[in-house]
$ cat entry.txt   # compact mmCIF, C-alpha atoms (C1' of nucleotides)
# COMPACT_ATOMS: atom_id res chain seq x y z
CA MET A 1020 15.31 -49.41 73.51
CA ALA A 1021 13.58 -51.69 75.97
CA ILE A 1022 11.04 -54.51 76.01
CA VAL A 1023 7.95 -53.98 78.16
CA ASP A 1024 5.07 -56.46 78.15
CA GLY A 1025 6.60 -58.13 75.13
CA LYS A 1026 6.49 -54.91 73.14
CA VAL A 1027 9.27 -52.68 71.97
CA ARG A 1028 9.38 -49.41 73.93
CA ASN A 1029 11.49 -46.62 72.54
CA MET A 1030 12.87 -43.96 74.74
CA GLN A 1031 12.10 -40.32 74.34
CA ARG A 1032 12.76 -39.19 70.80
CA LYS A 1033 14.64 -36.11 69.75
CA THR A 1034 12.30 -33.88 67.79
CA ALA A 1035 12.79 -30.58 66.04
CA GLN A 1036 9.94 -29.13 68.09
CA ARG A 1037 11.44 -29.89 71.47
CA ALA A 1038 14.86 -28.76 70.29
CA ALA A 1039 13.32 -25.47 69.17
CA ILE A 1040 11.60 -24.93 72.51
CA GLU A 1041 14.82 -25.63 74.40
CA GLU A 1042 16.73 -23.36 72.05
CA VAL A 1043 14.33 -20.47 72.63
CA LEU A 1044 14.66 -20.75 76.39
CA ARG A 1045 18.44 -21.09 76.16
CA VAL A 1046 18.92 -18.16 73.83
CA GLU A 1047 16.53 -15.75 75.52
CA ASP A 1048 17.89 -16.80 78.90
CA ARG A 1049 14.99 -15.32 80.86
CA PRO A 1050 11.57 -16.51 82.02
CA LEU A 1051 9.15 -16.86 79.12
CA GLY A 1052 5.42 -17.35 78.83
CA ILE A 1053 3.72 -19.81 76.49
CA GLU A 1054 2.82 -17.12 74.03
CA GLU A 1055 6.43 -16.00 73.67
CA ILE A 1056 7.80 -19.53 73.51
CA LEU A 1057 5.33 -20.33 70.76
CA ARG A 1058 6.10 -17.17 68.81
CA TYR A 1059 9.88 -17.51 68.98
CA GLY A 1060 9.69 -21.27 68.51
CA ARG A 1061 7.80 -20.85 65.24
CA ILE A 1062 10.73 -18.98 63.81
CA LEU A 1063 12.65 -22.25 64.17
CA VAL A 1064 9.86 -24.73 63.41
CA GLU A 1065 7.12 -23.07 61.44
CA SER A 1066 4.45 -25.65 62.18
CA LEU A 1067 4.99 -25.57 65.96
CA ASN A 1068 1.71 -26.01 67.76
CA GLN A 1069 0.56 -24.72 71.10
CA ALA A 1070 -0.39 -28.18 72.38
CA THR A 1071 3.10 -29.37 71.52
CA VAL A 1072 4.60 -26.51 73.45
CA TYR A 1073 2.49 -27.37 76.49
CA ARG A 1074 3.39 -31.05 76.22
CA ASN A 1075 7.10 -30.35 75.98
CA LEU A 1076 7.15 -27.74 78.71
CA LYS A 1077 5.46 -30.23 81.01
CA LEU A 1078 8.07 -32.82 80.07
CA LEU A 1079 10.97 -30.45 80.62
CA VAL A 1080 9.59 -29.42 84.01
CA GLU A 1081 9.24 -33.09 85.03
CA GLN A 1082 12.80 -33.71 83.94
CA GLY A 1083 13.96 -30.76 86.02
CA TRP A 1084 15.33 -28.76 83.12
CA LEU A 1085 12.69 -26.07 83.54
CA LYS A 1086 10.70 -24.69 86.41
CA GLN A 1087 7.39 -22.89 86.42
CA ILE A 1088 7.03 -19.58 88.13
CA ASN A 1089 3.89 -17.66 88.80
CA HIS A 1090 4.42 -13.99 88.12
CA PRO A 1091 1.89 -11.68 89.80
CA ALA A 1092 1.48 -9.60 86.64
CA LEU A 1093 2.26 -12.05 83.84
CA GLY A 1094 0.96 -15.38 85.07
CA THR A 1095 2.78 -18.62 84.33
CA LEU A 1096 6.36 -18.30 83.10
CA TYR A 1097 8.99 -20.96 82.46
CA GLU A 1098 12.65 -20.56 83.31
CA ARG A 1099 15.67 -22.82 83.18
CA THR A 1100 16.71 -24.41 86.45
CA GLY A 1101 20.17 -24.42 87.97
CA LYS A 1102 20.74 -20.72 88.17
CA GLY A 1103 20.60 -20.46 91.94
CA HIS A 1104 18.52 -18.07 93.96
CA HIS A 1105 17.46 -14.95 92.12
CA HIS A 1106 14.62 -12.50 91.69
CA HIS A 1107 12.59 -11.15 88.80
CA PHE A 1108 12.51 -7.73 87.26
CA HIS A 1109 9.60 -6.92 84.99
CA CYS A 1110 10.22 -4.10 82.52
CA HIS A 1111 7.04 -2.32 81.51
CA GLY A 1112 8.81 -0.93 78.46
CA CYS A 1113 9.47 -4.18 76.62
CA ASN A 1114 7.38 -6.39 78.91
CA ARG A 1115 10.29 -8.74 79.44
CA VAL A 1116 11.23 -10.36 82.75
CA PHE A 1117 14.90 -10.48 83.74
CA GLU A 1118 16.59 -12.60 86.35
CA LEU A 1119 18.57 -10.64 88.90
CA PRO A 1120 21.39 -12.74 90.32
CA CYS A 1121 22.22 -11.57 93.83
CA CYS A 1122 20.02 -11.87 96.87
CA PHE A 1123 19.90 -8.79 99.00
CA LEU A 1124 17.35 -9.82 101.57
CA ASN A 1125 17.98 -10.96 105.10
CA GLU A 1126 14.98 -13.19 105.55
CA GLN A 1127 14.74 -13.14 109.31
CA GLU A 1128 15.18 -9.39 109.49
CA ALA A 1129 12.30 -9.02 107.09
CA VAL A 1130 9.63 -10.21 109.49
CA PRO A 1131 8.42 -9.48 113.02
CA ALA A 1132 9.51 -11.80 115.81
CA GLY A 1133 7.71 -15.13 115.81
CA PHE A 1134 7.52 -15.62 112.06
CA ILE A 1135 9.78 -18.29 110.63
CA VAL A 1136 10.81 -17.54 107.05
CA GLU A 1137 11.62 -20.51 104.85
CA ASP A 1138 11.62 -18.93 101.44
CA HIS A 1139 10.85 -15.70 99.63
CA GLU A 1140 10.26 -14.29 96.21
CA ILE A 1141 10.86 -10.72 95.08
CA PHE A 1142 9.28 -9.16 92.03
CA LEU A 1143 10.66 -5.82 90.90
CA PHE A 1144 8.96 -3.55 88.45
CA GLY A 1145 10.40 -0.73 86.37
CA VAL A 1146 12.44 -0.04 83.26
CA CYS A 1147 15.29 -2.19 81.99
CA PRO A 1148 18.59 -0.72 80.76
CA SER A 1149 17.80 -0.90 77.05
CA CYS A 1150 14.36 0.66 77.48
CA ALA A 1151 15.82 3.32 79.77
CA VAL A 1152 18.29 4.27 77.04
CA ALA A 1153 15.50 4.40 74.46
CA VAL A 1154 13.44 6.75 76.63
CA GLY A 1155 16.43 8.86 77.68
CA SER A 1156 17.46 9.48 74.09
CA ASP A 1157 13.93 10.24 72.94
CA ILE A 1158 13.67 7.13 70.75
CA HIS A 1159 9.98 6.29 70.79
CA MET B 332 -32.10 10.29 95.17
CA ALA B 333 -31.69 11.83 91.75
CA ILE B 334 -33.61 12.15 88.50
CA VAL B 335 -31.91 10.82 85.39
CA ASP B 336 -33.71 10.70 82.05
CA GLY B 337 -36.93 11.46 83.84
CA LYS B 338 -36.58 8.39 86.05
CA VAL B 339 -35.91 8.10 89.73
CA ARG B 340 -32.37 6.87 90.41
CA ASN B 341 -31.49 5.79 93.91
CA MET B 342 -27.97 5.75 95.14
CA GLN B 343 -26.15 2.65 96.28
CA ARG B 344 -28.12 0.77 98.89
CA LYS B 345 -26.83 -0.57 102.15
CA THR B 346 -27.34 -4.31 102.18
CA ALA B 347 -26.64 -6.97 104.75
CA GLN B 348 -24.55 -8.84 102.18
CA ARG B 349 -22.17 -5.99 101.46
CA ALA B 350 -21.94 -5.15 105.16
CA ALA B 351 -21.02 -8.77 105.87
CA ILE B 352 -18.30 -8.79 103.22
CA GLU B 353 -16.82 -5.56 104.55
CA GLU B 354 -17.02 -6.89 108.09
CA VAL B 355 -15.14 -10.05 107.18
CA LEU B 356 -12.33 -8.10 105.58
CA ARG B 357 -12.21 -5.65 108.48
CA VAL B 358 -12.17 -8.30 111.18
CA GLU B 359 -9.71 -10.68 109.55
CA ASP B 360 -7.52 -7.73 108.60
CA ARG B 361 -5.49 -9.68 106.08
CA PRO B 362 -5.75 -10.48 102.35
CA LEU B 363 -8.55 -12.94 101.66
CA GLY B 364 -9.57 -15.02 98.67
CA ILE B 365 -13.14 -15.38 97.40
CA GLU B 366 -13.55 -18.77 98.97
CA GLU B 367 -12.66 -17.46 102.43
CA ILE B 368 -14.75 -14.32 102.08
CA LEU B 369 -17.72 -16.45 101.09
CA ARG B 370 -17.20 -18.91 103.92
CA TYR B 371 -16.79 -16.30 106.65
CA GLY B 372 -19.47 -14.09 105.11
CA ARG B 373 -22.02 -16.89 105.34
CA ILE B 374 -21.61 -16.94 109.09
CA LEU B 375 -23.05 -13.43 109.04
CA VAL B 376 -25.52 -13.81 106.15
CA GLU B 377 -26.42 -17.42 105.65
CA SER B 378 -27.76 -17.03 102.11
CA LEU B 379 -24.69 -15.15 100.85
CA ASN B 380 -23.99 -16.12 97.26
CA GLN B 381 -20.72 -16.28 95.36
CA ALA B 382 -21.97 -14.01 92.58
CA THR B 383 -22.91 -11.43 95.18
CA VAL B 384 -19.45 -11.63 96.67
CA TYR B 385 -17.88 -11.08 93.26
CA ARG B 386 -20.21 -8.16 92.51
CA ASN B 387 -19.48 -6.46 95.81
CA LEU B 388 -15.75 -7.04 95.68
CA LYS B 389 -15.71 -5.44 92.25
CA LEU B 390 -17.67 -2.51 93.62
CA LEU B 391 -15.40 -2.09 96.62
CA VAL B 392 -12.32 -2.20 94.42
CA GLU B 393 -13.80 0.45 92.12
CA GLN B 394 -14.58 2.60 95.14
CA GLY B 395 -10.99 2.22 96.33
CA TRP B 396 -11.85 0.51 99.60
CA LEU B 397 -10.24 -2.74 98.47
CA LYS B 398 -7.41 -3.68 96.19
CA GLN B 399 -6.75 -6.91 94.36
CA ILE B 400 -3.44 -8.63 94.71
CA ASN B 401 -2.17 -11.56 92.76
CA HIS B 402 -0.40 -13.98 95.02
CA PRO B 403 2.00 -16.37 93.26
CA ALA B 404 0.74 -19.34 95.28
CA LEU B 405 -2.84 -18.39 96.13
CA GLY B 406 -4.08 -16.43 93.14
CA THR B 407 -6.38 -13.46 93.54
CA LEU B 408 -6.69 -12.01 97.02
CA TYR B 409 -8.45 -8.88 98.23
CA GLU B 410 -7.06 -6.56 100.87
CA ARG B 411 -8.13 -3.25 102.35
CA THR B 412 -6.42 -0.18 100.99
CA GLY B 413 -4.79 2.58 102.97
CA LYS B 414 -2.31 0.53 104.92
CA GLY B 415 0.80 1.85 103.20
CA HIS B 416 3.56 -0.18 101.66
CA HIS B 417 3.85 -3.70 103.00
CA HIS B 418 4.64 -7.26 101.99
CA HIS B 419 2.93 -10.62 102.29
CA PHE B 420 3.80 -13.60 104.39
CA HIS B 421 2.14 -16.88 103.51
CA CYS B 422 2.01 -19.44 106.31
CA HIS B 423 1.87 -23.00 105.04
CA GLY B 424 0.56 -24.14 108.41
CA CYS B 425 -2.76 -22.30 108.40
CA ASN B 426 -2.59 -21.14 104.79
CA ARG B 427 -3.23 -17.54 105.81
CA VAL B 428 -1.48 -14.51 104.36
CA PHE B 429 -0.28 -11.79 106.70
CA GLU B 430 0.68 -8.23 105.93
CA LEU B 431 4.12 -7.27 107.15
CA PRO B 432 4.33 -3.55 107.81
CA CYS B 433 7.90 -2.33 107.37
CA CYS B 434 9.79 -2.16 104.12
CA PHE B 435 13.33 -3.35 104.40
CA LEU B 436 14.38 -3.20 100.77
CA ASN B 437 16.54 -0.56 99.17
CA GLU B 438 15.12 -0.74 95.67
CA GLN B 439 18.06 0.68 93.77
CA GLU B 440 20.56 -1.49 95.62
CA ALA B 441 18.54 -4.50 94.61
CA VAL B 442 19.33 -4.30 90.91
CA PRO B 443 22.38 -4.04 88.64
CA ALA B 444 23.28 -0.64 87.23
CA GLY B 445 21.01 0.47 84.42
CA PHE B 446 17.76 -0.89 85.81
CA ILE B 447 15.29 1.68 87.11
CA VAL B 448 13.11 0.28 89.88
CA GLU B 449 9.69 1.84 90.29
CA ASP B 450 8.00 -0.68 92.50
CA HIS B 451 8.45 -4.06 94.09
CA GLU B 452 6.55 -6.82 95.79
CA ILE B 453 7.91 -9.34 98.26
CA PHE B 454 6.26 -12.62 99.08
CA LEU B 455 7.58 -14.51 102.09
CA PHE B 456 6.80 -18.10 102.83
CA GLY B 457 7.07 -20.00 106.10
CA VAL B 458 5.34 -20.50 109.42
CA CYS B 459 3.42 -17.84 111.32
CA PRO B 460 3.80 -17.33 115.09
CA SER B 461 0.66 -19.24 116.08
CA CYS B 462 1.50 -22.22 113.86
CA ALA B 463 5.11 -22.16 115.08
CA VAL B 464 3.89 -22.46 118.68
CA ALA B 465 1.57 -25.31 117.73
CA VAL B 466 4.44 -27.24 116.12
CA GLY B 467 6.93 -26.40 118.86
CA SER B 468 4.65 -27.70 121.59
CA ASP B 469 3.75 -30.87 119.70
CA ILE B 470 0.13 -29.86 119.14
CA HIS B 471 -0.77 -31.52 115.88
C1' DT C 353 -47.22 2.09 103.71
C1' DT C 354 -46.31 2.25 98.92
C1' DA C 355 -43.80 2.45 94.74
C1' DC C 356 -39.61 2.29 92.55
C1' DT C 357 -35.62 -0.04 91.44
C1' DA C 358 -30.96 -1.62 93.25
C1' DT C 359 -29.47 -5.87 94.80
C1' DT C 360 -29.73 -10.65 95.46
C1' DG C 361 -29.71 -15.82 94.53
C1' DC C 362 -29.59 -19.04 91.22
C1' DG C 363 -28.04 -21.27 87.25
C1' DA C 364 -26.36 -20.64 82.86
C1' DA C 365 -22.84 -18.35 80.17
C1' DT C 366 -18.34 -16.66 79.39
C1' DA C 367 -13.27 -16.25 79.34
C1' DC C 368 -9.04 -18.18 79.50
C1' DA C 369 -5.41 -21.52 80.20
C1' DT C 370 -4.41 -26.11 79.78
C1' DT C 371 -5.37 -31.06 78.33
C1' DT C 372 -6.85 -34.64 75.57
C1' DG C 373 -8.46 -37.84 71.52
C1' DC C 374 -7.23 -39.14 67.30
C1' DA C 375 -5.50 -39.46 62.73
C1' DT C 376 -1.05 -38.39 60.75
C1' DT C 377 3.96 -37.76 60.80
C1' DA C 378 8.51 -38.87 61.68
C1' DT C 379 12.31 -40.85 64.76
C1' DA C 380 15.22 -44.69 65.79
C1' DC C 381 16.24 -49.43 66.06
C1' DA C 382 16.66 -53.56 63.32
C1' DT D 154 14.99 -49.31 53.96
C1' DG D 155 10.99 -51.11 56.94
C1' DT D 156 8.48 -51.20 61.09
C1' DA D 157 6.90 -49.92 65.57
C1' DT D 158 5.44 -46.36 68.14
C1' DA D 159 6.59 -41.63 70.19
C1' DA D 160 5.41 -37.19 69.00
C1' DT D 161 2.86 -33.85 66.41
C1' DG D 162 -1.08 -30.84 64.68
C1' DC D 163 -5.62 -29.98 65.02
C1' DA D 164 -9.91 -29.40 67.15
C1' DA D 165 -12.66 -30.50 70.77
C1' DA D 166 -12.88 -31.06 75.74
C1' DT D 167 -11.81 -29.79 80.30
C1' DG D 168 -11.06 -27.01 84.50
C1' DT D 169 -11.31 -22.95 86.99
C1' DA D 170 -12.40 -18.24 87.85
C1' DT D 171 -15.49 -14.76 86.88
C1' DT D 172 -19.64 -12.62 84.80
C1' DC D 173 -24.38 -12.35 83.31
C1' DG D 174 -29.68 -12.87 82.65
C1' DC D 175 -33.60 -12.92 85.11
C1' DA D 176 -37.18 -13.47 88.43
C1' DA D 177 -37.59 -12.61 93.32
C1' DT D 178 -36.27 -9.76 97.28
C1' DA D 179 -35.57 -5.85 99.94
C1' DG D 180 -33.68 -0.84 100.75
C1' DT D 181 -35.14 3.96 100.49
C1' DA D 182 -37.67 8.22 99.44
C1' DA D 183 -42.17 9.94 99.47

$ encode --input "entry.txt" --output "structure tokens"
Amino acid sequence: MAIVDGKVRNMQRKTAQRAAIEEVLRVEDRPLGIEEILRYGRILVESLNQATVYRNLKLLVEQGWLKQINHPALGTLYERTGKGHHHHFHCHGCNRVFELPCCFLNEQEAVPAGFIVEDHEIFLFGVCPSCAVAVGSDIH
Amino acid sequence: MAIVDGKVRNMQRKTAQRAAIEEVLRVEDRPLGIEEILRYGRILVESLNQATVYRNLKLLVEQGWLKQINHPALGTLYERTGKGHHHHFHCHGCNRVFELPCCFLNEQEAVPAGFIVEDHEIFLFGVCPSCAVAVGSDIH
DNA sequence: TTACTATTGCGAATACATTTGCATTATACA
DNA sequence: TGTATAATGCAAATGTATTCGCAATAGTAA
């Protein structure tokens, strides 16, 4: 607690809604869009509202716990920070995006002479292991 | 010319506007956004309107002469088709996107076992040769 | 030239993601 | 507990990209 301008100012409060949003992102452990966060979050807090999700995601990004990514096929996704450099695999079977740990790109080899590479992003597209199994074993 | 339902139906007409849009994309020879296409196009056809640009881009995409790409930092861009597989370099000096010809990624090596890669996109970020020269020689 | 109608320019309309205002709810300190 | 106020739910508002309606313009075949 703190006093500002003669008034009591509480700090950020712990709410079931924010806890639910964090939980969803922690459990899924992959980049999620608003729609998914809202859907999974409502399993934990039935009343969860879209505006609340937006407000909390914004907060969590500002606090550095989340970062926004812009996926070329899926638009805005949110993922937890602190996982180091990685890339994104989008499975068209289940429509999920996975984070692939290692980096296999030599930046300077990737461009003609004269270009200076400071950063890169790789988006892969295909079928994830569980969907591959489903297709391979004729489970449709 | 053709008769459909008893009425005369002309084929697509050649207009200065569409020619200008095509010209811009041909001359620049790199992915362009609507704003840039409109700006450069107006040098050729002063009256060029945004709605006209949208209509023609849609047409050219349908005809396969253009394709849309979704750049994570710049949004929708249009580039000419038929250039083969390539990636995109975004220069933060001039804000232009360049197409880099070669593909230096072994798709299957890029993912853990179990993932099936069907396609990929690489976005590089840095400084292009002409901006690098400008910075290096203290031209600001 | 002329007639027909595809295409344009303009502004209004739409689509979609995100934000905001406000009354209500609920957390946390006293 | 009680109180102050941060946070929520809801609906309306906003922002941005894209499309559409329509009268005016301009290609194209005859």

$ closest_residue --input "entry.txt" --among "D:DT154, D:DT167, D:DT178, D:DT161" --to "chain B" --atoms "only C-alpha atoms (C1' of nucleotides)"
D:DT178

$ atom_distance --input "entry.txt" --atom1 "atom CA of Val1130 of chain A" --atom2 "atom CA of Arg427 of chain B"
15.3 Å

$ residues_around --input "entry.txt" --residues "DA170 of chain D" --least-positions-apart "6" --cutoff "12 Å" --atoms "all atoms listed in the file" --output "VMD selection string"
(chain B and resid 364 to 366 381 to 382 385 406 to 407) or (chain C and resid 366 to 369)

$ write_last_selection --input "entry.txt" --atoms "C-alpha atoms (C1' of nucleotides)" --output "tab-separated table (two decimals), keeping the file's coordinate frame"
chain	number	residue	atom	x	y	z
B	364	GLY	CA	-9.57	-15.02	98.67
B	365	ILE	CA	-13.14	-15.38	97.40
B	366	GLU	CA	-13.55	-18.77	98.97
B	381	GLN	CA	-20.72	-16.28	95.36
B	382	ALA	CA	-21.97	-14.01	92.58
B	385	TYR	CA	-17.88	-11.08	93.26
B	406	GLY	CA	-4.08	-16.43	93.14
B	407	THR	CA	-6.38	-13.46	93.54
C	366	DT	C1'	-18.34	-16.66	79.39
C	367	DA	C1'	-13.27	-16.25	79.34
C	368	DC	C1'	-9.04	-18.18	79.50
C	369	DA	C1'	-5.41	-21.52	80.20

$ atom_distance --input "entry.txt" --atom1 "atom CA of Val448 of chain B" --atom2 "atom CA of Cys1113 of chain A"
14.5 Å

$ closest_residue --input "entry.txt" --among "D:DA159, D:DA183, D:DA176, D:DA165" --to "chain A" --atoms "all atoms listed in the file"
D:DA159

$ residues_around --input "entry.txt" --residues "Leu388 of chain B" --least-positions-apart "4" --cutoff "12 Å" --atoms "only C-alpha atoms (C1' of nucleotides)" --output "ChimeraX atom specification"
/B:348-353,355-356,363-365,368-369,381-384,392-399,407-411 /D:171

$ closest_residue --input "entry.txt" --among "D:DG162, D:DG180, D:DG168, D:DG155" --to "chain A" --atoms "only C-alpha atoms (C1' of nucleotides)"
D:DG162

$ closest_atom_pairs --input "entry.txt" --of "chain A" --to "chain B" --cutoff "7 Å" --atoms "only C-alpha atoms" --output "JSON lines"
{"residue": "A:Asn1089", "atom": "CA", "partner": "B:Pro403", "partner_atom": "CA", "distance": 5.0}
{"residue": "A:His1090", "atom": "CA", "partner": "B:Pro403", "partner_atom": "CA", "distance": 6.2}
{"residue": "A:Pro1091", "atom": "CA", "partner": "B:Asn401", "partner_atom": "CA", "distance": 5.0}
{"residue": "A:Leu1119", "atom": "CA", "partner": "B:Val442", "partner_atom": "CA", "distance": 6.7}
{"residue": "A:Phe1123", "atom": "CA", "partner": "B:Ala441", "partner_atom": "CA", "distance": 6.3}
{"residue": "A:Ala1129", "atom": "CA", "partner": "B:Phe435", "partner_atom": "CA", "distance": 6.4}
{"residue": "A:Val1130", "atom": "CA", "partner": "B:Leu431", "partner_atom": "CA", "distance": 6.7}
{"residue": "A:Gly1133", "atom": "CA", "partner": "B:Pro460", "partner_atom": "CA", "distance": 4.5}
{"residue": "A:Phe1134", "atom": "CA", "partner": "B:Cys459", "partner_atom": "CA", "distance": 4.7}
{"residue": "A:Ile1135", "atom": "CA", "partner": "B:Val458", "partner_atom": "CA", "distance": 5.1}
{"residue": "A:Val1136", "atom": "CA", "partner": "B:Gly457", "partner_atom": "CA", "distance": 4.6}
{"residue": "A:Glu1137", "atom": "CA", "partner": "B:Gly457", "partner_atom": "CA", "distance": 4.7}
{"residue": "A:Asp1138", "atom": "CA", "partner": "B:Phe456", "partner_atom": "CA", "distance": 5.1}
{"residue": "A:His1139", "atom": "CA", "partner": "B:Leu455", "partner_atom": "CA", "distance": 4.3}
{"residue": "A:Glu1140", "atom": "CA", "partner": "B:Phe454", "partner_atom": "CA", "distance": 5.2}
{"residue": "A:Ile1141", "atom": "CA", "partner": "B:Ile453", "partner_atom": "CA", "distance": 4.6}
{"residue": "A:Phe1142", "atom": "CA", "partner": "B:Glu452", "partner_atom": "CA", "distance": 5.2}
{"residue": "A:Leu1143", "atom": "CA", "partner": "B:His451", "partner_atom": "CA", "distance": 4.3}
{"residue": "A:Phe1144", "atom": "CA", "partner": "B:Asp450", "partner_atom": "CA", "distance": 5.1}
{"residue": "A:Gly1145", "atom": "CA", "partner": "B:Val448", "partner_atom": "CA", "distance": 4.5}
{"residue": "A:Val1146", "atom": "CA", "partner": "B:Ile447", "partner_atom": "CA", "distance": 5.1}
{"residue": "A:Cys1147", "atom": "CA", "partner": "B:Phe446", "partner_atom": "CA", "distance": 4.7}
{"residue": "A:Pro1148", "atom": "CA", "partner": "B:Gly445", "partner_atom": "CA", "distance": 4.5}

$ write_last_selection --input "entry.txt" --atoms "C-alpha atoms" --output "compact mmCIF listing (two decimals), in the frame of the given file"
# COMPACT_ATOMS: atom_id res chain seq x y z
CA ASN A 1089 3.89 -17.66 88.80
CA HIS A 1090 4.42 -13.99 88.12
CA PRO A 1091 1.89 -11.68 89.80
CA LEU A 1119 18.57 -10.64 88.90
CA PHE A 1123 19.90 -8.79 99.00
CA ALA A 1129 12.30 -9.02 107.09
CA VAL A 1130 9.63 -10.21 109.49
CA GLY A 1133 7.71 -15.13 115.81
CA PHE A 1134 7.52 -15.62 112.06
CA ILE A 1135 9.78 -18.29 110.63
CA VAL A 1136 10.81 -17.54 107.05
CA GLU A 1137 11.62 -20.51 104.85
CA ASP A 1138 11.62 -18.93 101.44
CA HIS A 1139 10.85 -15.70 99.63
CA GLU A 1140 10.26 -14.29 96.21
CA ILE A 1141 10.86 -10.72 95.08
CA PHE A 1142 9.28 -9.16 92.03
CA LEU A 1143 10.66 -5.82 90.90
CA PHE A 1144 8.96 -3.55 88.45
CA GLY A 1145 10.40 -0.73 86.37
CA VAL A 1146 12.44 -0.04 83.26
CA CYS A 1147 15.29 -2.19 81.99
CA PRO A 1148 18.59 -0.72 80.76

$ closest_residue --input "entry.txt" --among "D:DA182, D:DA166, D:DA157, D:DC175" --to "DT360 of chain C" --atoms "all atoms listed in the file"
D:DC175

$ axis_aligned_box --input "entry.txt" --around "segment 1036-1039 of chain A" --padding-each-side "5 Å" --output "JSON"
{"center_x": 12.4, "center_y": -27.7, "center_z": 69.8, "size_x": 14.9, "size_y": 14.4, "size_z": 13.4}

$ closest_atom_pairs --input "entry.txt" --of "chain C" --to "chain A" --cutoff "12 Å" --atoms "all atoms listed in the file" --output "Markdown table"
| residue | atom | partner | partner_atom | distance |
| --- | --- | --- | --- | --- |
| C:DC368 | C1' | A:Gly1094 | CA | 11.8 |
| C:DA369 | C1' | A:Thr1095 | CA | 9.6 |
| C:DT370 | C1' | A:Tyr1073 | CA | 7.7 |
| C:DT371 | C1' | A:Ala1070 | CA | 8.3 |
| C:DT372 | C1' | A:Ala1070 | CA | 9.7 |
| C:DT377 | C1' | A:Thr1034 | CA | 11.6 |
| C:DA378 | C1' | A:Thr1034 | CA | 8.8 |
| C:DT379 | C1' | A:Arg1032 | CA | 6.3 |
| C:DA380 | C1' | A:Arg1032 | CA | 7.8 |
| C:DC381 | C1' | A:Met1020 | CA | 7.5 |
| C:DA382 | C1' | A:Met1020 | CA | 11.1 |

$ atom_distance --input "entry.txt" --atom1 "atom CA of Asn1114 of chain A" --atom2 "atom CA of Ser1066 of chain A"
25.7 Å

$ closest_residue --input "entry.txt" --among "B:Glu377, B:Gly415, B:Pro362, B:Lys389" --to "chain D" --atoms "only C-alpha atoms (C1' of nucleotides)"
B:Lys389

$ residues_near_point --input "entry.txt" --point "(-7.9, -37.5, 61.0)" --cutoff "12 Å" --atoms "all atoms listed in the file" --output "count of residues only"
8

$ closest_residue --input "entry.txt" --among "A:Ala1035, A:Leu1079, A:Ala1153, A:Ile1062" --to "chain D" --atoms "only C-alpha atoms (C1' of nucleotides)"
A:Ala1035

$ decode --input "entry.txt" --residues "segment 1101-1131 of chain A" --atoms "C-alpha atoms" --output "PDB file, in the first residue's frame"
ATOM      1  CA  GLY A1101      12.350 -16.139 -21.073  1.00  0.00           C
ATOM      2  CA  LYS A1102      12.541 -19.138 -23.319  1.00  0.00           C
ATOM      3  CA  GLY A1103      15.433 -17.907 -25.429  1.00  0.00           C
ATOM      4  CA  HIS A1104      15.586 -17.774 -29.185  1.00  0.00           C
ATOM      5  CA  HIS A1105      13.233 -20.138 -30.948  1.00  0.00           C
ATOM      6  CA  HIS A1106      10.979 -20.482 -33.963  1.00  0.00           C
ATOM      7  CA  HIS A1107       7.353 -21.347 -34.572  1.00  0.00           C
ATOM      8  CA  PHE A1108       5.801 -24.387 -36.138  1.00  0.00           C
ATOM      9  CA  HIS A1109       2.177 -24.134 -37.181  1.00  0.00           C
ATOM     10  CA  CYS A1110       0.360 -27.458 -37.506  1.00  0.00           C
ATOM     11  CA  HIS A1111      -2.510 -27.315 -39.969  1.00  0.00           C
ATOM     12  CA  GLY A1112      -3.984 -30.438 -38.408  1.00  0.00           C
ATOM     13  CA  CYS A1113      -4.774 -29.060 -34.964  1.00  0.00           C
ATOM     14  CA  ASN A1114      -4.031 -25.424 -35.787  1.00  0.00           C
ATOM     15  CA  ARG A1115      -1.667 -25.147 -32.856  1.00  0.00           C
ATOM     16  CA  VAL A1116       1.662 -23.315 -32.880  1.00  0.00           C
ATOM     17  CA  PHE A1117       4.668 -24.963 -31.238  1.00  0.00           C
ATOM     18  CA  GLU A1118       7.932 -23.427 -30.164  1.00  0.00           C
ATOM     19  CA  LEU A1119      10.987 -25.110 -31.615  1.00  0.00           C
ATOM     20  CA  PRO A1120      13.985 -24.658 -29.343  1.00  0.00           C
ATOM     21  CA  CYS A1121      17.175 -24.749 -31.387  1.00  0.00           C
ATOM     22  CA  CYS A1122      18.293 -22.190 -33.911  1.00  0.00           C
ATOM     23  CA  PHE A1123      19.662 -23.647 -37.086  1.00  0.00           C
ATOM     24  CA  LEU A1124      20.242 -20.516 -39.092  1.00  0.00           C
ATOM     25  CA  ASN A1125      23.528 -18.780 -39.715  1.00  0.00           C
ATOM     26  CA  GLU A1126      22.260 -15.253 -40.129  1.00  0.00           C
ATOM     27  CA  GLN A1127      25.098 -13.817 -42.145  1.00  0.00           C
ATOM     28  CA  GLU A1128      25.198 -16.786 -44.488  1.00  0.00           C
ATOM     29  CA  ALA A1129      21.535 -16.263 -45.163  1.00  0.00           C
ATOM     30  CA  VAL A1130      21.926 -13.006 -47.048  1.00  0.00           C
ATOM     31  CA  PRO A1131      23.943 -11.605 -49.954  1.00  0.00           C
TER      32      PRO A1131
END
